[in-house]
Amino acid sequence: MSAEPRINDRIRVPEVRLVGPSGEQVGIVPLAKALELAQEYDLDLVEVAATARPPVCKLMDYGKFKYESAMKAREARKNQAHTVIKEMKLRPKIDPHDYDTKKGHVVRFLKQGDKVKITIMFRGREQSRPELGFRLLQRLASDVEDLGFIESNPKQDGRNMIMVLGPHKKKTEAMAEAREAQAARKAERQGTTDAPSEGDTAEAPAEAVEAPAETPSEA
């Protein structure tokens with residue numbers, strides 16, 4: 001079944017409750033009268049509440065209404081925040097350099113408003129030392145506490161230990177801040193490009209003085 005409302009001659013009822021172009025209540029009028037008013041205003045008669053008794057119809061520019069609705073829906077989809085869970089895997093005896101690199105990725109994900117699943121992978125005898133993984137997860141959570149919080153506490157899952165960090169900042173806020181930062185960088189680049197160069201501001205060189213002609217030497 002089409003989701004499009006009935007308009008103009010497609011409306012098949014004896015009378016309608018009419019709403020004017022500015023939202024004013026006209027009242028219950030015969031369908032013929034409503035269609036006459038629509039033609040007079042050069043607008044469409046659009047059925048906005050088909051289940052009402054009598055149906056509610058409004059005078060409007062239906063083409064313009066459809067366009068504006070499509071633009072609003074497009075903007076809403078553009079700003080819609082999709083929940084994303086990133087994953088970062090670590091070893092319980094990770095070296096400091098690798099830890100800093102992994103932590104940097106976690107920081108970036110949280111700043112973007114994404115959740116992060118941290119997985120500690122145990123190998124061989126490491127499985128008998130789960131406290132190593134627990135301490136590592138607690139350390140990481142502490143290092144990024146300004147950006148995220150522990151959404152799911154560390155728990156053992158076979159040979160792995162898993163913890164989920166959630167961002168303090170909502171995805172929509174992170175997206176908005178990213179757009180603002182991008183716009184600021186673009187404006188800064190344009191300002192640098194438009195600025196006059198040093199050569200443009202330098203004074204024009206003084207007019208060259210004509211050098212005297214050489215005196216021919218005597219033979």
# chains A, B, ... in the order shown; residues from 1 in each chain; ligands from 1

$ select_by_dssp --residues "stretch 20-157 of chain A" --states "helix (DSSP H, G or I)" --output "PyMOL selection string"
chain A and resi 31-41+62-79+96-111+124-128+130-143

$ residues_around --residues "stretch 123-128 of chain A" --least-positions-apart "4" --cutoff "10 Å" --atoms "only C-alpha atoms" --output "NGL selection string"
:A and (91-93 or 132-133 or 158-161)

$ write_last_selection --atoms "all heavy atoms" --output "PDB file, in the first residue's frame"
ATOM      1  N   ARG A  91      48.587  -8.488  24.473  1.00  0.00           N
ATOM      2  CA  ARG A  91      49.150  -9.620  25.186  1.00  0.00           C
ATOM      3  C   ARG A  91      49.408  -9.190  26.619  1.00  0.00           C
ATOM      4  O   ARG A  91      49.726  -8.026  26.888  1.00  0.00           O
ATOM      5  CB  ARG A  91      50.453 -10.062  24.533  1.00  0.00           C
ATOM      6  CG  ARG A  91      50.296 -10.617  23.122  1.00  0.00           C
ATOM      7  CD  ARG A  91      49.540 -11.938  23.135  1.00  0.00           C
ATOM      8  NE  ARG A  91      50.197 -12.912  23.988  1.00  0.00           N
ATOM      9  CZ  ARG A  91      51.245 -13.645  23.619  1.00  0.00           C
ATOM     10  NH1 ARG A  91      51.728 -13.517  22.393  1.00  0.00           N
ATOM     11  NH2 ARG A  91      51.785 -14.509  24.445  1.00  0.00           N
ATOM     12  N   PRO A  92      49.306 -10.089  27.584  1.00  0.00           N
ATOM     13  CA  PRO A  92      49.489  -9.706  28.989  1.00  0.00           C
ATOM     14  C   PRO A  92      50.878  -9.147  29.299  1.00  0.00           C
ATOM     15  O   PRO A  92      51.032  -8.330  30.195  1.00  0.00           O
ATOM     16  CB  PRO A  92      49.217 -11.004  29.759  1.00  0.00           C
ATOM     17  CG  PRO A  92      49.342 -12.087  28.755  1.00  0.00           C
ATOM     18  CD  PRO A  92      48.943 -11.509  27.450  1.00  0.00           C
ATOM     19  N   LYS A  93      51.905  -9.576  28.523  1.00  0.00           N
ATOM     20  CA  LYS A  93      53.270  -9.081  28.754  1.00  0.00           C
ATOM     21  C   LYS A  93      53.703  -8.144  27.623  1.00  0.00           C
ATOM     22  O   LYS A  93      54.831  -8.214  27.145  1.00  0.00           O
ATOM     23  CB  LYS A  93      54.240 -10.251  28.872  1.00  0.00           C
ATOM     24  CG  LYS A  93      53.973 -11.143  30.083  1.00  0.00           C
ATOM     25  CD  LYS A  93      54.987 -12.276  30.175  1.00  0.00           C
ATOM     26  CE  LYS A  93      54.727 -13.150  31.395  1.00  0.00           C
ATOM     27  NZ  LYS A  93      55.712 -14.275  31.495  1.00  0.00           N
ATOM     28  N   LEU A 132      47.536 -10.957  35.510  1.00  0.00           N
ATOM     29  CA  LEU A 132      48.324 -10.081  34.641  1.00  0.00           C
ATOM     30  C   LEU A 132      47.413  -9.343  33.656  1.00  0.00           C
ATOM     31  O   LEU A 132      47.567  -8.138  33.426  1.00  0.00           O
ATOM     32  CB  LEU A 132      49.368 -10.899  33.863  1.00  0.00           C
ATOM     33  CG  LEU A 132      50.457 -11.578  34.687  1.00  0.00           C
ATOM     34  CD1 LEU A 132      51.372 -12.397  33.769  1.00  0.00           C
ATOM     35  CD2 LEU A 132      51.272 -10.546  35.446  1.00  0.00           C
ATOM     36  N   GLY A 133      46.471 -10.072  33.087  1.00  0.00           N
ATOM     37  CA  GLY A 133      45.535  -9.451  32.159  1.00  0.00           C
ATOM     38  C   GLY A 133      44.616  -8.477  32.863  1.00  0.00           C
ATOM     39  O   GLY A 133      44.321  -7.393  32.337  1.00  0.00           O
ATOM     40  N   GLY A 158      37.331 -18.150  27.894  1.00  0.00           N
ATOM     41  CA  GLY A 158      38.270 -19.130  27.359  1.00  0.00           C
ATOM     42  C   GLY A 158      39.698 -18.688  27.607  1.00  0.00           C
ATOM     43  O   GLY A 158      40.100 -18.421  28.743  1.00  0.00           O
ATOM     44  N   ARG A 159      40.493 -18.558  26.539  1.00  0.00           N
ATOM     45  CA  ARG A 159      41.880 -18.120  26.670  1.00  0.00           C
ATOM     46  C   ARG A 159      42.008 -16.600  26.681  1.00  0.00           C
ATOM     47  O   ARG A 159      43.131 -16.083  26.761  1.00  0.00           O
ATOM     48  CB  ARG A 159      42.707 -18.682  25.513  1.00  0.00           C
ATOM     49  CG  ARG A 159      42.843 -20.203  25.520  1.00  0.00           C
ATOM     50  CD  ARG A 159      43.781 -20.644  24.423  1.00  0.00           C
ATOM     51  NE  ARG A 159      43.987 -22.088  24.454  1.00  0.00           N
ATOM     52  CZ  ARG A 159      44.833 -22.732  23.664  1.00  0.00           C
ATOM     53  NH1 ARG A 159      45.536 -22.044  22.759  1.00  0.00           N
ATOM     54  NH2 ARG A 159      44.976 -24.042  23.752  1.00  0.00           N
ATOM     55  N   ASN A 160      40.922 -15.919  26.579  1.00  0.00           N
ATOM     56  CA  ASN A 160      40.957 -14.451  26.522  1.00  0.00           C
ATOM     57  C   ASN A 160      40.297 -13.835  27.741  1.00  0.00           C
ATOM     58  O   ASN A 160      39.482 -14.465  28.418  1.00  0.00           O
ATOM     59  CB  ASN A 160      40.243 -13.951  25.258  1.00  0.00           C
ATOM     60  CG  ASN A 160      40.880 -14.472  23.988  1.00  0.00           C
ATOM     61  OD1 ASN A 160      42.080 -14.697  23.933  1.00  0.00           O
ATOM     62  ND2 ASN A 160      40.074 -14.679  22.960  1.00  0.00           N
ATOM     63  N   MET A 161      40.634 -12.575  27.994  1.00  0.00           N
ATOM     64  CA  MET A 161      39.956 -11.769  29.005  1.00  0.00           C
ATOM     65  C   MET A 161      39.461 -10.513  28.284  1.00  0.00           C
ATOM     66  O   MET A 161      40.216  -9.878  27.554  1.00  0.00           O
ATOM     67  CB  MET A 161      40.883 -11.412  30.167  1.00  0.00           C
ATOM     68  CG  MET A 161      40.194 -10.616  31.270  1.00  0.00           C
ATOM     69  SD  MET A 161      41.274 -10.334  32.705  1.00  0.00           S
ATOM     70  CE  MET A 161      41.324 -11.970  33.411  1.00  0.00           C
TER      71      MET A 161
END

$ select_by_dssp --residues "stretch 68-150 of chain A" --states "strand (DSSP E or B)" --output "PDB file with N, CA, C and O atoms, in the first residue's frame"
ATOM      1  N   ILE A  85      31.484  -0.774  17.602  1.00  0.00           N
ATOM      2  CA  ILE A  85      32.371  -1.352  18.620  1.00  0.00           C
ATOM      3  C   ILE A  85      33.690  -1.719  17.938  1.00  0.00           C
ATOM      4  O   ILE A  85      33.729  -2.600  17.084  1.00  0.00           O
ATOM      5  N   LYS A  86      34.730  -1.016  18.321  1.00  0.00           N
ATOM      6  CA  LYS A  86      36.068  -1.329  17.823  1.00  0.00           C
ATOM      7  C   LYS A  86      36.688  -2.383  18.736  1.00  0.00           C
ATOM      8  O   LYS A  86      36.275  -2.540  19.890  1.00  0.00           O
ATOM      9  N   GLU A  87      37.687  -3.077  18.235  1.00  0.00           N
ATOM     10  CA  GLU A  87      38.355  -4.090  19.057  1.00  0.00           C
ATOM     11  C   GLU A  87      39.856  -3.873  19.045  1.00  0.00           C
ATOM     12  O   GLU A  87      40.440  -3.558  18.001  1.00  0.00           O
ATOM     13  N   MET A  88      40.455  -4.015  20.211  1.00  0.00           N
ATOM     14  CA  MET A  88      41.901  -3.890  20.356  1.00  0.00           C
ATOM     15  C   MET A  88      42.398  -5.113  21.134  1.00  0.00           C
ATOM     16  O   MET A  88      41.882  -5.421  22.211  1.00  0.00           O
ATOM     17  N   LYS A  89      43.388  -5.799  20.576  1.00  0.00           N
ATOM     18  CA  LYS A  89      43.921  -7.012  21.207  1.00  0.00           C
ATOM     19  C   LYS A  89      45.308  -6.749  21.775  1.00  0.00           C
ATOM     20  O   LYS A  89      46.134  -6.112  21.119  1.00  0.00           O
ATOM     21  N   LEU A  90      45.548  -7.235  22.993  1.00  0.00           N
ATOM     22  CA  LEU A  90      46.826  -7.054  23.664  1.00  0.00           C
ATOM     23  C   LEU A  90      47.282  -8.383  24.246  1.00  0.00           C
ATOM     24  O   LEU A  90      46.476  -9.266  24.518  1.00  0.00           O
ATOM     25  N   LYS A 115      32.627   2.661  21.018  1.00  0.00           N
ATOM     26  CA  LYS A 115      32.972   1.753  22.104  1.00  0.00           C
ATOM     27  C   LYS A 115      34.208   0.952  21.692  1.00  0.00           C
ATOM     28  O   LYS A 115      34.465   0.770  20.504  1.00  0.00           O
ATOM     29  N   VAL A 116      34.940   0.473  22.695  1.00  0.00           N
ATOM     30  CA  VAL A 116      36.142  -0.308  22.392  1.00  0.00           C
ATOM     31  C   VAL A 116      36.124  -1.596  23.222  1.00  0.00           C
ATOM     32  O   VAL A 116      36.024  -1.565  24.442  1.00  0.00           O
ATOM     33  N   LYS A 117      36.239  -2.722  22.517  1.00  0.00           N
ATOM     34  CA  LYS A 117      36.349  -4.025  23.172  1.00  0.00           C
ATOM     35  C   LYS A 117      37.828  -4.362  23.286  1.00  0.00           C
ATOM     36  O   LYS A 117      38.524  -4.498  22.283  1.00  0.00           O
ATOM     37  N   ILE A 118      38.298  -4.478  24.514  1.00  0.00           N
ATOM     38  CA  ILE A 118      39.710  -4.788  24.767  1.00  0.00           C
ATOM     39  C   ILE A 118      39.823  -6.279  25.072  1.00  0.00           C
ATOM     40  O   ILE A 118      39.164  -6.780  25.980  1.00  0.00           O
ATOM     41  N   THR A 119      40.663  -6.963  24.300  1.00  0.00           N
ATOM     42  CA  THR A 119      40.840  -8.405  24.483  1.00  0.00           C
ATOM     43  C   THR A 119      42.290  -8.709  24.851  1.00  0.00           C
ATOM     44  O   THR A 119      43.214  -8.330  24.132  1.00  0.00           O
ATOM     45  N   ILE A 120      42.467  -9.344  25.999  1.00  0.00           N
ATOM     46  CA  ILE A 120      43.791  -9.811  26.406  1.00  0.00           C
ATOM     47  C   ILE A 120      43.903 -11.277  26.004  1.00  0.00           C
ATOM     48  O   ILE A 120      43.083 -12.108  26.404  1.00  0.00           O
ATOM     49  N   MET A 121      44.897 -11.591  25.190  1.00  0.00           N
ATOM     50  CA  MET A 121      45.071 -12.955  24.696  1.00  0.00           C
ATOM     51  C   MET A 121      46.162 -13.675  25.492  1.00  0.00           C
ATOM     52  O   MET A 121      47.309 -13.226  25.525  1.00  0.00           O
ATOM     53  N   GLY A 148      36.788   7.735  28.473  1.00  0.00           N
ATOM     54  CA  GLY A 148      35.861   6.607  28.503  1.00  0.00           C
ATOM     55  C   GLY A 148      35.742   5.994  29.883  1.00  0.00           C
ATOM     56  O   GLY A 148      36.493   6.316  30.794  1.00  0.00           O
ATOM     57  N   PHE A 149      34.799   5.072  30.003  1.00  0.00           N
ATOM     58  CA  PHE A 149      34.544   4.399  31.280  1.00  0.00           C
ATOM     59  C   PHE A 149      34.378   2.905  31.018  1.00  0.00           C
ATOM     60  O   PHE A 149      34.147   2.477  29.879  1.00  0.00           O
ATOM     61  N   ILE A 150      34.494   2.129  32.063  1.00  0.00           N
ATOM     62  CA  ILE A 150      34.341   0.675  31.933  1.00  0.00           C
ATOM     63  C   ILE A 150      32.861   0.351  31.832  1.00  0.00           C
ATOM     64  O   ILE A 150      32.115   0.478  32.808  1.00  0.00           O
TER      65      ILE A 150
END

$ residues_around --residues "A:Gly104" --least-positions-apart "6" --cutoff "12 Å" --atoms "only C-alpha atoms" --output "ChimeraX atom specification"
/A:88,97-98,110-111,140,143-144,147

$ residues_around --residues "stretch 33-38 of chain A" --least-positions-apart "6" --cutoff "9 Å" --atoms "only C-alpha atoms" --output "list of chain:residue names"
A:Asn8, A:Asp9, A:Glu15, A:Val16, A:Leu18, A:Asp44, A:Leu45, A:Cys57, A:Leu59, A:Met60

$ write_last_selection --atoms "all heavy atoms" --output "short mmCIF file (atom, residue, chain, number, x, y, z; two decimals), in the first residue's frame"
data_model
loop_
_atom_site.label_atom_id
_atom_site.label_comp_id
_atom_site.auth_asym_id
_atom_site.auth_seq_id
_atom_site.Cartn_x
_atom_site.Cartn_y
_atom_site.Cartn_z
N ASN A 8 -6.09 16.23 -3.71
CA ASN A 8 -7.01 16.79 -4.71
C ASN A 8 -8.11 15.80 -5.10
O ASN A 8 -8.86 15.33 -4.25
CB ASN A 8 -6.21 17.26 -5.93
CG ASN A 8 -5.21 18.35 -5.55
OD1 ASN A 8 -5.45 19.15 -4.66
ND2 ASN A 8 -4.07 18.37 -6.22
N ASP A 9 -8.20 15.45 -6.39
CA ASP A 9 -9.30 14.62 -6.89
C ASP A 9 -9.26 13.19 -6.40
O ASP A 9 -10.23 12.44 -6.57
CB ASP A 9 -9.31 14.64 -8.42
CG ASP A 9 -9.61 16.02 -8.98
OD1 ASP A 9 -10.25 16.81 -8.25
OD2 ASP A 9 -9.21 16.30 -10.13
N GLU A 15 -17.26 15.29 2.79
CA GLU A 15 -16.82 16.52 3.43
C GLU A 15 -15.51 16.28 4.17
O GLU A 15 -15.16 15.15 4.49
CB GLU A 15 -17.90 17.06 4.39
CG GLU A 15 -18.30 16.08 5.48
CD GLU A 15 -19.44 16.59 6.33
OE1 GLU A 15 -20.10 17.56 5.92
OE2 GLU A 15 -19.66 16.01 7.42
N VAL A 16 -14.82 17.38 4.47
CA VAL A 16 -13.53 17.28 5.15
C VAL A 16 -13.43 18.37 6.22
O VAL A 16 -14.14 19.37 6.15
CB VAL A 16 -12.35 17.44 4.16
CG1 VAL A 16 -12.37 16.34 3.11
CG2 VAL A 16 -12.37 18.81 3.50
N LEU A 18 -11.22 21.11 7.21
CA LEU A 18 -10.20 21.83 6.43
C LEU A 18 -9.31 22.69 7.32
O LEU A 18 -9.77 23.39 8.21
CB LEU A 18 -10.88 22.71 5.38
CG LEU A 18 -9.97 23.42 4.38
CD1 LEU A 18 -9.19 22.40 3.56
CD2 LEU A 18 -10.77 24.35 3.48
N ASP A 44 -2.58 22.69 -3.18
CA ASP A 44 -3.14 21.34 -3.23
C ASP A 44 -3.96 21.08 -1.99
O ASP A 44 -3.68 21.62 -0.90
CB ASP A 44 -2.02 20.30 -3.31
CG ASP A 44 -1.18 20.45 -4.57
OD1 ASP A 44 -1.73 20.33 -5.67
OD2 ASP A 44 0.04 20.71 -4.44
N LEU A 45 -4.96 20.26 -2.13
CA LEU A 45 -5.73 19.79 -0.99
C LEU A 45 -5.15 18.43 -0.60
O LEU A 45 -5.23 17.48 -1.38
CB LEU A 45 -7.21 19.66 -1.33
CG LEU A 45 -8.13 19.20 -0.18
CD1 LEU A 45 -8.20 20.28 0.90
CD2 LEU A 45 -9.54 18.89 -0.71
N CYS A 57 -7.99 17.62 6.09
CA CYS A 57 -7.24 17.98 4.89
C CYS A 57 -6.65 19.38 5.07
O CYS A 57 -7.23 20.22 5.77
CB CYS A 57 -8.14 17.97 3.66
SG CYS A 57 -8.76 16.32 3.22
N LEU A 59 -4.57 22.74 3.07
CA LEU A 59 -4.18 23.42 1.85
C LEU A 59 -2.68 23.69 1.90
O LEU A 59 -2.19 24.33 2.84
CB LEU A 59 -4.94 24.75 1.70
CG LEU A 59 -6.47 24.64 1.57
CD1 LEU A 59 -7.10 26.03 1.58
CD2 LEU A 59 -6.86 23.88 0.31
N MET A 60 -1.93 23.16 0.92
CA MET A 60 -0.48 23.34 0.92
C MET A 60 0.08 23.13 -0.48
O MET A 60 -0.61 22.59 -1.37
CB MET A 60 0.19 22.35 1.88
CG MET A 60 0.08 20.90 1.42
SD MET A 60 1.06 19.74 2.44
CE MET A 60 0.05 19.67 3.91
#

$ atom_distance --atom1 "atom CA of A:Ala187" --atom2 "atom CA of A:Met175"
18.4 Å

$ residues_around --residues "A:Ile94" --least-positions-apart "6" --cutoff "10 Å" --atoms "only C-alpha atoms" --output "ChimeraX atom specification"
/A:100,102,120,136

$ write_last_selection --atoms "N, CA and C atoms" --output "short mmCIF file (atom, residue, chain, number, x, y, z; two decimals), in the first residue's frame"
data_model
loop_
_atom_site.label_atom_id
_atom_site.label_comp_id
_atom_site.auth_asym_id
_atom_site.auth_seq_id
_atom_site.Cartn_x
_atom_site.Cartn_y
_atom_site.Cartn_z
N ASP A 100 51.82 1.77 24.35
CA ASP A 100 51.52 3.17 24.02
C ASP A 100 50.83 3.27 22.66
N LYS A 102 48.95 0.90 21.18
CA LYS A 102 47.58 0.37 21.33
C LYS A 102 46.70 1.38 22.08
N ILE A 120 42.47 -9.34 26.00
CA ILE A 120 43.79 -9.81 26.41
C ILE A 120 43.90 -11.28 26.00
N LEU A 136 46.45 -5.29 33.55
CA LEU A 136 46.67 -4.53 32.32
C LEU A 136 45.39 -3.80 31.89
#

$ closest_residue --among "A:Gly113, A:Arg135, A:Tyr99, A:Pro5" --to "A:Lys170" --atoms "only C-alpha atoms"
A:Gly113

$ atom_distance --atom1 "atom CA of A:Asp61" --atom2 "atom CA of A:Leu43"
5.2 Å

$ atom_distance --atom1 "atom CA of A:Asn153" --atom2 "atom CA of A:Glu131"
13.8 Å

$ residues_around --residues "A:Arg12" --least-positions-apart "5" --cutoff "10 Å" --atoms "only C-alpha atoms" --output "ChimeraX atom specification"
/A:6-7,31

$ closest_residue --among "A:Ala178, A:Val164, A:Val56, A:Met71" --to "A:Gly23" --atoms "only C-alpha atoms"
A:Val56

$ closest_residue --among "A:Ile162, A:Val13, A:Ala183, A:Val29" --to "A:Thr51" --atoms "only C-alpha atoms"
A:Val13
